[in-house]
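So this block is work_12.csv, CSV, C-alpha atoms:
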chain,number,residue,atom,x,y,z
T,1,MET,CA,25.4,-38.6,-19.1
T,2,ARG,CA,24.5,-37.4,-15.6
T,3,CYS,CA,24.0,-33.7,-15.3
T,4,ILE,CA,23.3,-31.6,-12.3
T,5,GLY,CA,21.7,-28.1,-12.0
T,6,VAL,CA,22.7,-26.1,-8.9
T,7,ASP,CA,21.4,-22.9,-7.3
T,8,GLY,CA,22.1,-21.4,-3.9
T,9,CYS,CA,19.4,-21.7,-1.3
T,10,LYS,CA,18.6,-21.1,2.3
T,11,ALA,CA,20.2,-24.3,3.5
T,12,GLY,CA,23.3,-24.2,1.2
T,13,TRP,CA,23.2,-25.5,-2.4
T,14,LEU,CA,20.2,-27.1,-4.1
T,15,ALA,CA,21.2,-29.8,-6.7
T,16,VAL,CA,18.7,-31.3,-9.0
T,17,GLU,CA,19.0,-34.0,-11.7
T,18,ARG,CA,16.7,-35.8,-14.1
T,19,THR,CA,15.6,-39.3,-13.2
T,20,CYS,CA,13.6,-41.9,-15.2
T,21,ASP,CA,10.4,-40.8,-13.5
T,22,GLY,CA,10.9,-37.1,-12.7
T,23,PHE,CA,13.6,-35.3,-10.7
T,24,ALA,CA,15.7,-36.0,-7.7
T,25,PHE,CA,17.1,-33.3,-5.4
T,26,ALA,CA,19.6,-32.9,-2.6
T,27,VAL,CA,20.7,-30.0,-0.5
T,28,HIS,CA,24.4,-29.7,0.3
T,29,PRO,CA,26.0,-27.3,2.8
T,30,GLY,CA,29.0,-26.4,0.6
T,31,PRO,CA,30.5,-26.9,-2.8
T,32,GLY,CA,33.0,-29.6,-1.6
T,33,GLU,CA,30.2,-31.8,-0.3
T,34,LEU,CA,28.1,-31.2,-3.5
T,35,ILE,CA,31.0,-32.1,-5.8
T,36,ALA,CA,31.8,-35.2,-3.8
T,37,ALA,CA,28.2,-36.4,-3.8
T,38,HIS,CA,28.1,-36.0,-7.6
T,39,ALA,CA,31.5,-37.3,-8.5
T,40,ASP,CA,30.2,-39.2,-11.5
T,41,ALA,CA,28.4,-36.2,-13.0
T,42,ARG,CA,29.5,-35.2,-16.5
T,43,VAL,CA,28.4,-31.5,-16.0
T,44,ILE,CA,27.6,-29.5,-12.8
T,45,ALA,CA,26.1,-26.2,-13.8
T,46,VAL,CA,26.0,-23.7,-10.9
T,47,ASP,CA,24.7,-20.2,-10.5
T,48,VAL,CA,27.8,-18.7,-9.1
T,49,PRO,CA,30.7,-16.6,-10.6
T,50,ILE,CA,33.6,-18.9,-11.7
T,51,GLY,CA,36.7,-17.0,-12.7
T,52,LEU,CA,37.3,-13.5,-11.5
T,53,SER,CA,38.8,-10.3,-12.8
T,54,GLU,CA,41.9,-8.8,-11.3
T,55,ARG,CA,40.7,-5.3,-12.3
T,56,GLY,CA,37.6,-4.1,-14.1
T,57,PRO,CA,34.1,-5.6,-14.7
T,58,ARG,CA,33.8,-9.2,-16.1
T,59,ALA,CA,32.7,-9.5,-19.7
T,60,PRO,CA,30.2,-12.3,-18.9
T,61,ASP,CA,28.3,-9.9,-16.5
T,62,ARG,CA,28.2,-7.1,-19.0
T,63,ASP,CA,27.0,-9.4,-21.8
T,64,ALA,CA,24.4,-11.2,-19.6
T,65,ARG,CA,22.8,-7.8,-18.7
T,66,ALA,CA,22.5,-7.0,-22.3
T,67,PHE,CA,21.1,-10.5,-23.1
T,68,VAL,CA,18.4,-10.5,-20.5
T,69,GLY,CA,17.5,-6.8,-20.9
T,70,TRP,CA,15.2,-4.7,-18.7
T,71,PRO,CA,14.2,-5.3,-16.0
T,72,ARG,CA,16.1,-8.6,-15.4
T,73,ALA,CA,19.5,-6.9,-16.0
T,74,SER,CA,19.5,-5.9,-12.3
T,75,SER,CA,19.6,-9.6,-11.3
T,76,VAL,CA,23.1,-9.8,-12.9
T,77,PHE,CA,25.5,-8.4,-10.2
T,78,SER,CA,28.9,-7.0,-11.0
T,79,VAL,CA,31.2,-9.6,-9.6
T,80,PRO,CA,33.9,-8.4,-7.2
T,81,VAL,CA,37.5,-8.5,-8.3
T,82,ARG,CA,39.6,-11.3,-6.9
T,83,GLY,CA,41.6,-9.2,-4.5
T,84,VAL,CA,38.5,-8.7,-2.2
T,85,LEU,CA,37.7,-12.4,-1.7
T,86,GLY,CA,39.2,-12.4,1.8
T,87,ALA,CA,37.2,-9.4,3.0
T,88,THR,CA,34.9,-10.1,6.0
T,89,THR,CA,33.0,-6.8,6.2
T,90,TYR,CA,31.3,-4.7,3.6
T,91,ALA,CA,33.4,-1.7,4.6
T,92,GLU,CA,36.6,-3.6,4.1
T,93,ALA,CA,35.5,-5.1,0.8
T,94,LEU,CA,34.4,-1.6,-0.5
T,95,ARG,CA,37.7,-0.1,0.5
T,96,LEU,CA,39.7,-2.8,-1.1
T,97,HIS,CA,37.6,-2.8,-4.2
T,98,ARG,CA,38.1,0.9,-4.8
T,99,GLN,CA,41.8,0.6,-4.1
T,100,LEU,CA,42.3,-2.3,-6.5
T,101,ASP,CA,39.9,-1.3,-9.2
T,102,GLY,CA,40.6,2.4,-9.9
T,103,GLY,CA,37.9,3.7,-7.6
T,104,ARG,CA,35.0,1.4,-8.8
T,105,GLY,CA,32.7,0.6,-6.0
T,106,LEU,CA,31.0,-2.6,-4.9
T,107,SER,CA,27.3,-3.2,-4.3
T,108,ALA,CA,25.9,-4.6,-1.1
T,109,GLN,CA,24.3,-7.3,-3.2
T,110,ALA,CA,27.6,-8.4,-4.7
T,111,PHE,CA,29.2,-8.4,-1.2
T,112,GLY,CA,26.3,-10.6,0.0
T,113,ILE,CA,27.3,-13.4,-2.3
T,114,LEU,CA,31.1,-13.0,-1.6
T,115,PRO,CA,31.2,-16.0,0.8
T,116,LYS,CA,29.6,-18.2,-1.9
T,117,ILE,CA,32.1,-17.0,-4.6
T,118,ARG,CA,35.0,-17.6,-2.2
T,119,ALA,CA,33.8,-21.1,-1.3
T,120,TRP,CA,33.5,-22.2,-4.9
T,121,ASP,CA,36.8,-20.5,-5.8
T,122,GLU,CA,38.7,-22.3,-3.0
T,123,THR,CA,37.1,-25.7,-3.9
T,124,LEU,CA,37.8,-25.5,-7.6
T,125,ARG,CA,41.4,-24.3,-7.0
T,126,ALA,CA,42.0,-27.5,-5.0
T,127,ASP,CA,40.3,-29.9,-7.4
T,128,ALA,CA,41.4,-30.0,-11.1
T,129,ASP,CA,38.9,-32.7,-11.9
T,130,ALA,CA,36.0,-30.6,-10.6
T,131,ARG,CA,37.2,-27.6,-12.6
T,132,ALA,CA,36.7,-29.6,-15.8
T,133,ARG,CA,33.1,-30.5,-14.9
T,134,VAL,CA,31.8,-27.3,-13.2
T,135,PHE,CA,30.4,-24.6,-15.3
T,136,GLU,CA,29.0,-21.1,-14.5
T,137,VAL,CA,25.4,-20.4,-15.5
T,138,HIS,CA,22.9,-17.7,-14.7
T,139,PRO,CA,19.2,-18.7,-14.4
T,140,GLU,CA,17.9,-15.5,-16.0
T,141,VAL,CA,20.1,-16.1,-19.0
T,142,SER,CA,18.9,-19.7,-19.3
T,143,PHE,CA,15.2,-18.5,-19.0
T,144,ALA,CA,15.8,-15.8,-21.6
T,145,ALA,CA,17.3,-18.5,-24.0
T,146,LEU,CA,14.3,-20.7,-23.3
T,147,ASN,CA,12.1,-17.7,-24.1
T,148,GLY,CA,13.6,-17.3,-27.6
T,149,GLY,CA,16.3,-14.9,-26.5
T,150,ALA,CA,14.1,-12.4,-24.7
T,151,GLY,CA,14.5,-11.8,-21.0
T,152,LEU,CA,11.5,-12.2,-18.8
T,153,VAL,CA,9.5,-9.2,-17.6
T,154,GLU,CA,7.9,-11.0,-14.6
T,155,GLY,CA,9.9,-11.2,-11.4
T,156,LYS,CA,10.8,-14.7,-10.3
T,157,LYS,CA,9.3,-14.3,-6.8
T,158,THR,CA,5.9,-13.3,-8.0
T,159,PRO,CA,3.1,-15.8,-8.7
T,160,ARG,CA,3.0,-14.7,-12.3
T,161,GLY,CA,6.7,-15.0,-12.7
T,162,ARG,CA,6.7,-18.5,-11.2
T,163,GLU,CA,4.0,-19.7,-13.6
T,164,ARG,CA,5.9,-18.1,-16.5
T,165,ARG,CA,9.1,-20.0,-15.6
T,166,ILE,CA,7.2,-23.2,-15.1
T,167,ALA,CA,5.7,-22.8,-18.6
T,168,LEU,CA,9.1,-22.3,-20.1
T,169,LEU,CA,10.6,-25.3,-18.3
T,170,ALA,CA,7.6,-27.4,-19.5
T,171,ARG,CA,8.9,-27.0,-23.0
T,172,VAL,CA,12.0,-29.1,-22.2
T,173,PHE,CA,10.9,-31.0,-19.1
T,174,ASP,CA,7.6,-32.7,-18.2
T,175,GLU,CA,5.4,-30.1,-16.5
T,176,ALA,CA,4.0,-32.5,-14.0
T,177,ALA,CA,7.5,-33.5,-12.9
T,178,VAL,CA,8.4,-29.8,-12.5
T,179,ARG,CA,5.4,-29.2,-10.3
T,180,ALA,CA,6.1,-32.3,-8.4
T,181,LEU,CA,9.6,-31.2,-7.6
T,182,LEU,CA,8.4,-27.8,-6.5
T,183,ALA,CA,6.0,-29.5,-4.1
T,184,SER,CA,8.6,-32.0,-2.8
T,185,VAL,CA,11.3,-29.5,-1.8
T,186,PRO,CA,10.7,-28.2,1.7
T,187,ARG,CA,10.4,-24.4,1.8
T,188,ARG,CA,12.7,-24.4,4.9
T,189,LEU,CA,15.4,-25.7,2.6
T,190,ALA,CA,14.8,-23.8,-0.6
T,191,ALA,CA,12.3,-21.3,-1.9
T,192,ALA,CA,10.2,-22.0,-5.0
T,193,ASP,CA,12.3,-19.7,-7.2
T,194,ASP,CA,15.5,-21.6,-6.1
T,195,VAL,CA,14.0,-24.8,-7.4
T,196,LEU,CA,13.0,-23.2,-10.7
T,197,ASP,CA,16.5,-21.7,-11.0
T,198,ALA,CA,18.1,-25.0,-10.4
T,199,LEU,CA,16.0,-26.6,-13.1
T,200,ALA,CA,17.0,-23.8,-15.5
T,201,ALA,CA,20.6,-24.6,-14.6
T,202,LEU,CA,20.0,-28.3,-15.3
T,203,TRP,CA,18.7,-27.4,-18.7
T,204,SER,CA,21.9,-25.6,-19.4
T,205,ALA,CA,23.9,-28.4,-18.0
T,206,ARG,CA,22.4,-30.8,-20.4
T,207,ARG,CA,23.1,-28.5,-23.3
T,208,ILE,CA,26.8,-28.2,-22.2
T,209,ALA,CA,27.0,-32.0,-22.0
T,210,ASP,CA,25.5,-32.4,-25.5
T,211,GLY,CA,27.9,-29.8,-26.9
T,212,VAL,CA,25.2,-27.4,-28.1
T,213,ALA,CA,25.5,-24.7,-25.4
T,214,ALA,CA,26.3,-21.1,-26.1
T,215,SER,CA,28.2,-18.7,-23.8
T,216,LEU,CA,28.5,-15.1,-22.9
T,217,PRO,CA,30.9,-13.9,-24.2
T,218,SER,CA,30.9,-16.3,-27.2
T,219,SER,CA,34.7,-16.6,-26.9
T,220,PRO,CA,35.4,-17.0,-23.2
T,221,VAL,CA,38.1,-14.8,-21.7
T,222,VAL,CA,40.6,-16.4,-19.4
T,223,ASP,CA,41.4,-15.2,-15.8
T,224,ALA,CA,44.7,-15.1,-14.1
T,225,ASN,CA,44.3,-18.7,-13.0
T,226,GLY,CA,43.9,-19.8,-16.6
T,227,TRP,CA,40.2,-20.6,-16.1
T,228,ASN,CA,37.6,-19.8,-18.8
T,229,VAL,CA,35.3,-17.0,-17.6
T,230,ALA,CA,31.9,-17.3,-19.2
T,231,ILE,CA,28.2,-17.7,-18.5
T,232,HIS,CA,26.9,-20.8,-20.3
T,233,TYR,CA,23.4,-21.5,-21.5
Transcribe the structure of this file into structure tokens.
Amino acid sequence: MRCIGVDGCKAGWLAVERTCDGFAFAVHPGPGELIAAHADARVIAVDVPIGLSERGPRAPDRDARAFVGWPRASSVFSVPVRGVLGATTYAEALRLHRQLDGGRGLSAQAFGILPKIRAWDETLRADADARARVFEVHPEVSFAALNGGAGLVEGKKTPRGRERRIALLARVFDEAAVRALLASVPRRLAAADDVLDALAALWSARRIADGVAASLPSSPVVDANGWNVAIHY
């Protein structure tokens, strides 16, 4: 079964998959192009929120912060409520969020990923087949699972953090292939941590396809669209 791991990057979305002699990668400008290019994939695991709350924090974000622990909990942003998806400025998004969600604010980091959330939400709304194959993951959750359920202390952008993540991926993939992929993806397209995050997403995608993945929460909640809302690993 063909599985794809996806992470956002400088040039759009980095998609990686296992091949007979290593890994293949492609960078796509948007989710529509990515899904079309991988129409035969059984699972596409992507680091982006899928399924939004109408009011209040999402359970997956709360559970993921607890799962990865300090200091990686800060990498799990509180996802905006659905009603702010159309906002084009931070001031507008913050005003709407407080209005719709009982005064709860919105971080600048969460607003920064709003266009990515909106793009995936619009694409999946229009494509029922894609909704059945696209799953939300979070790389730090996947790395914590690879690490025996303990979140990583080392930051992903540090040399030590990069080597720690390579070592964990080497438990499930060939280390030489991991390093070869890192070397082959141009930095103008994607940073090293984007490549490693996409590989962590790929590991989770394979677990989803094999029917052995877990999720946060363990019993996914359902949003107003009827979509399961969970982070898989």
Can I get the residues of region 175-230 of chain T within 7 Å of region 119-141 of chain T, each with the closest pair of atoms and their distance in Å to one decimal, using all atoms listed in the file, sorted chain first then ascending number, as JSON lines?
{"residue": "T:Asp197", "atom": "CA", "partner": "T:Pro139", "partner_atom": "CA", "distance": 5.3}
{"residue": "T:Ala200", "atom": "CA", "partner": "T:Pro139", "partner_atom": "CA", "distance": 5.7}
{"residue": "T:Ala201", "atom": "CA", "partner": "T:Pro139", "partner_atom": "CA", "distance": 6.1}
{"residue": "T:Ala230", "atom": "CA", "partner": "T:Glu136", "partner_atom": "CA", "distance": 6.7}
Keeping only C-alpha atoms, write the selected residues to a file as a short mmCIF file (atom, residue, chain, number, x, y, z; two decimals), keeping the file's coordinate frame.
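Output (selection-v3.cif):
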data_model
loop_
_atom_site.label_atom_id
_atom_site.label_comp_id
_atom_site.auth_asym_id
_atom_site.auth_seq_id
_atom_site.Cartn_x
_atom_site.Cartn_y
_atom_site.Cartn_z
CA ASP T 197 16.50 -21.70 -11.00
CA ALA T 200 17.00 -23.80 -15.50
CA ALA T 201 20.60 -24.60 -14.60
CA ALA T 230 31.90 -17.30 -19.20
#
*asked:* Measuring between all atoms listed in the file, which one of T:Gly83, T:Gly161, T:Pro186, T:Gly211 shows the shortest distance to His97 (chain T)?
replied: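 When distances to His97 (chain T) are compared using all atoms listed in the file, the smallest one comes from T:Gly83.
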*What separation in Å, quoted to one decimal, exists between CA of Asp174 (chain T) and CA of Leu202 (chain T)?*
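Answer for the CA of Asp174 (chain T) to CA of Leu202 (chain T) separation: 13.5 Å.
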_Could you check the closest approach to Arg104 (chain T) for each of T:Ala176, T:Ala11, T:Leu85, T:Val79 and tell me which residue wins, using only C-alpha atoms?_
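Ranked by minimum distance to Arg104 (chain T), first place goes to T:Val79.
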*Would you mind telling me which residue in T:Phe77, T:Trp70, T:Phe23, T:Trp227 lies nearest to Ile113 (chain T) when using only C-alpha atoms?*
T:Phe77
Who sits within 12 Å of Ser184 (chain T), all atoms listed in the file, same chain under 6 positions skipped, as a PDB file with C-alpha atoms, in the coordinates of the input:
ATOM      1  CA  VAL T  16      18.700 -31.300  -9.000  1.00  0.00           C
ATOM      2  CA  GLY T  22      10.900 -37.100 -12.700  1.00  0.00           C
ATOM      3  CA  PHE T  23      13.600 -35.300 -10.700  1.00  0.00           C
ATOM      4  CA  ALA T  24      15.700 -36.000  -7.700  1.00  0.00           C
ATOM      5  CA  PHE T  25      17.100 -33.300  -5.400  1.00  0.00           C
ATOM      6  CA  ALA T  26      19.600 -32.900  -2.600  1.00  0.00           C
ATOM      7  CA  ALA T 177       7.500 -33.500 -12.900  1.00  0.00           C
ATOM      8  CA  VAL T 178       8.400 -29.800 -12.500  1.00  0.00           C
ATOM      9  CA  ALA T 190      14.800 -23.800  -0.600  1.00  0.00           C
ATOM     10  CA  ALA T 191      12.300 -21.300  -1.900  1.00  0.00           C
ATOM     11  CA  ALA T 192      10.200 -22.000  -5.000  1.00  0.00           C
ATOM     12  CA  VAL T 195      14.000 -24.800  -7.400  1.00  0.00           C
TER      13      VAL T 195
END
*What does the distance between CA of Glu33 (chain T) and CA of Pro49 (chain T) come to in Å, to one decimal place?*
18.4 Å
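CA of Leu196 (chain T) sits 12.4 Å away from CA of Gly155 (chain T).
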*asked:* I need the residue nearest Gly5 (chain T) from this list: T:Arg72, T:Lys157, T:Arg55, T:Arg42. Use all atoms listed in the file for the distance.
replied: T:Arg42
*For the point (6.9, -18.6, -16.9) in the file's frame, write as a PyMOL selection string all residues with an atom no more than 12 Å away, counting all atoms listed in the file.*
chain T and resi 140+143-144+146-147+151-171+175+193+196-197+200
*Write out as a PyMOL selection string each polymer residue whose atoms come within 7 Å of Ile4 (chain T), counting only C-alpha atoms; drop sequence neighbours fewer than 5 positions from it.*
chain T and resi 15-17+41+43-45+202+205
*Can you tell me, as a list in words, which residues sit within 12 Å of (27.4, -5.7, -18.3) in the file's frame, using only C-alpha atoms?*
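Residues with an atom close enough to that point: Gly56, Pro57, Arg58, Ala59, Pro60, Asp61, Arg62, Asp63, Ala64, Arg65, Ala66, Phe67, Val68, Gly69, Ala73, Ser74, Ser75, Val76, Phe77, Ser78, Val79, Leu216 and Pro217 of chain T.
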*Using all atoms listed in the file, which of T:Arg82, T:Arg2, T:Lys116, T:Arg95 sits nearest Gly32 (chain T)?*
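Among the listed residues, T:Lys116 lies closest to Gly32 (chain T).
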Taking all listed atoms of region 44-57 of chain T, build the axis-aligned box, pad each of the six sides by 4 Å, then write its centre and edge lengths in Å to one decimal as JSON.
{"center_x": 33.3, "center_y": -16.8, "center_z": -11.9, "size_x": 25.2, "size_y": 33.4, "size_z": 13.6}
*asked:* Env of Cys9 (chain T): 8 Å cut, atoms = all atoms listed in the file, seq-sep filter 3 positions within chain, self excluded. Answer as a ChimeraX atom specification.
replied: /T:12-14,189-191,194
*asked:* So, with all atoms listed in the file as the atoms that count, which of T:Leu114, T:Asp21, T:Ala150, T:Val84 lies closest to Phe173 (chain T)?
replied: T:Asp21
Distance query Ser215 (chain T) at most 8 Å, only C-alpha atoms, self and fewer than 2 positions along chain excluded, as a CSV table (one decimal) with C-alpha atoms, keeping the file's coordinate frame:
chain,number,residue,atom,x,y,z
T,213,ALA,CA,25.5,-24.7,-25.4
T,217,PRO,CA,30.9,-13.9,-24.2
T,218,SER,CA,30.9,-16.3,-27.2
T,219,SER,CA,34.7,-16.6,-26.9
T,220,PRO,CA,35.4,-17.0,-23.2
T,230,ALA,CA,31.9,-17.3,-19.2
T,231,ILE,CA,28.2,-17.7,-18.5
T,232,HIS,CA,26.9,-20.8,-20.3
T,233,TYR,CA,23.4,-21.5,-21.5
Can you complete the atoms of region 195-212 of chain T to N, CA and C atoms and list them as an mmCIF file, in the coordinates of the input?
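What ended up in selection_5.cif:
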data_model
loop_
_atom_site.group_PDB
_atom_site.id
_atom_site.type_symbol
_atom_site.label_atom_id
_atom_site.label_comp_id
_atom_site.auth_asym_id
_atom_site.auth_seq_id
_atom_site.Cartn_x
_atom_site.Cartn_y
_atom_site.Cartn_z
ATOM 1 N N VAL T 195 14.213 -23.536 -6.667
ATOM 2 C CA VAL T 195 14.000 -24.800 -7.400
ATOM 3 C C VAL T 195 13.894 -24.564 -8.873
ATOM 4 N N LEU T 196 13.167 -23.535 -9.277
ATOM 5 C CA LEU T 196 13.000 -23.200 -10.700
ATOM 6 C C LEU T 196 14.382 -22.810 -11.299
ATOM 7 N N ASP T 197 15.156 -22.052 -10.547
ATOM 8 C CA ASP T 197 16.500 -21.700 -11.000
ATOM 9 C C ASP T 197 17.399 -22.868 -11.180
ATOM 10 N N ALA T 198 17.314 -23.824 -10.255
ATOM 11 C CA ALA T 198 18.100 -25.000 -10.400
ATOM 12 C C ALA T 198 17.735 -25.850 -11.597
ATOM 13 N N LEU T 199 16.443 -25.861 -11.909
ATOM 14 C CA LEU T 199 16.000 -26.600 -13.100
ATOM 15 C C LEU T 199 16.474 -25.864 -14.378
ATOM 16 N N ALA T 200 16.490 -24.533 -14.365
ATOM 17 C CA ALA T 200 17.000 -23.800 -15.500
ATOM 18 C C ALA T 200 18.523 -24.115 -15.668
ATOM 19 N N ALA T 201 19.237 -24.207 -14.543
ATOM 20 C CA ALA T 201 20.600 -24.600 -14.600
ATOM 21 C C ALA T 201 20.816 -26.003 -15.127
ATOM 22 N N LEU T 202 19.897 -26.892 -14.761
ATOM 23 C CA LEU T 202 20.000 -28.300 -15.300
ATOM 24 C C LEU T 202 19.770 -28.308 -16.771
ATOM 25 N N TRP T 203 18.841 -27.511 -17.292
ATOM 26 C CA TRP T 203 18.700 -27.400 -18.700
ATOM 27 C C TRP T 203 19.952 -27.018 -19.425
ATOM 28 N N SER T 204 20.620 -25.992 -18.865
ATOM 29 C CA SER T 204 21.900 -25.600 -19.400
ATOM 30 C C SER T 204 22.964 -26.621 -19.302
ATOM 31 N N ALA T 205 22.959 -27.346 -18.184
ATOM 32 C CA ALA T 205 23.900 -28.400 -18.000
ATOM 33 C C ALA T 205 23.812 -29.479 -19.071
ATOM 34 N N ARG T 206 22.588 -29.829 -19.403
ATOM 35 C CA ARG T 206 22.400 -30.800 -20.400
ATOM 36 C C ARG T 206 22.859 -30.323 -21.793
ATOM 37 N N ARG T 207 22.658 -29.043 -22.078
ATOM 38 C CA ARG T 207 23.100 -28.500 -23.300
ATOM 39 C C ARG T 207 24.669 -28.470 -23.374
ATOM 40 N N ILE T 208 25.296 -28.183 -22.241
ATOM 41 C CA ILE T 208 26.800 -28.200 -22.200
ATOM 42 C C ILE T 208 27.247 -29.650 -22.471
ATOM 43 N N ALA T 209 26.624 -30.634 -21.819
ATOM 44 C CA ALA T 209 27.000 -32.000 -22.000
ATOM 45 C C ALA T 209 26.809 -32.480 -23.455
ATOM 46 N N ASP T 210 25.765 -31.971 -24.094
ATOM 47 C CA ASP T 210 25.500 -32.400 -25.500
ATOM 48 C C ASP T 210 26.275 -31.570 -26.503
ATOM 49 N N GLY T 211 27.052 -30.604 -26.048
ATOM 50 C CA GLY T 211 27.900 -29.800 -26.900
ATOM 51 C C GLY T 211 27.144 -28.790 -27.757
ATOM 52 N N VAL T 212 25.971 -28.364 -27.289
ATOM 53 C CA VAL T 212 25.200 -27.400 -28.100
ATOM 54 C C VAL T 212 24.991 -26.080 -27.290
#
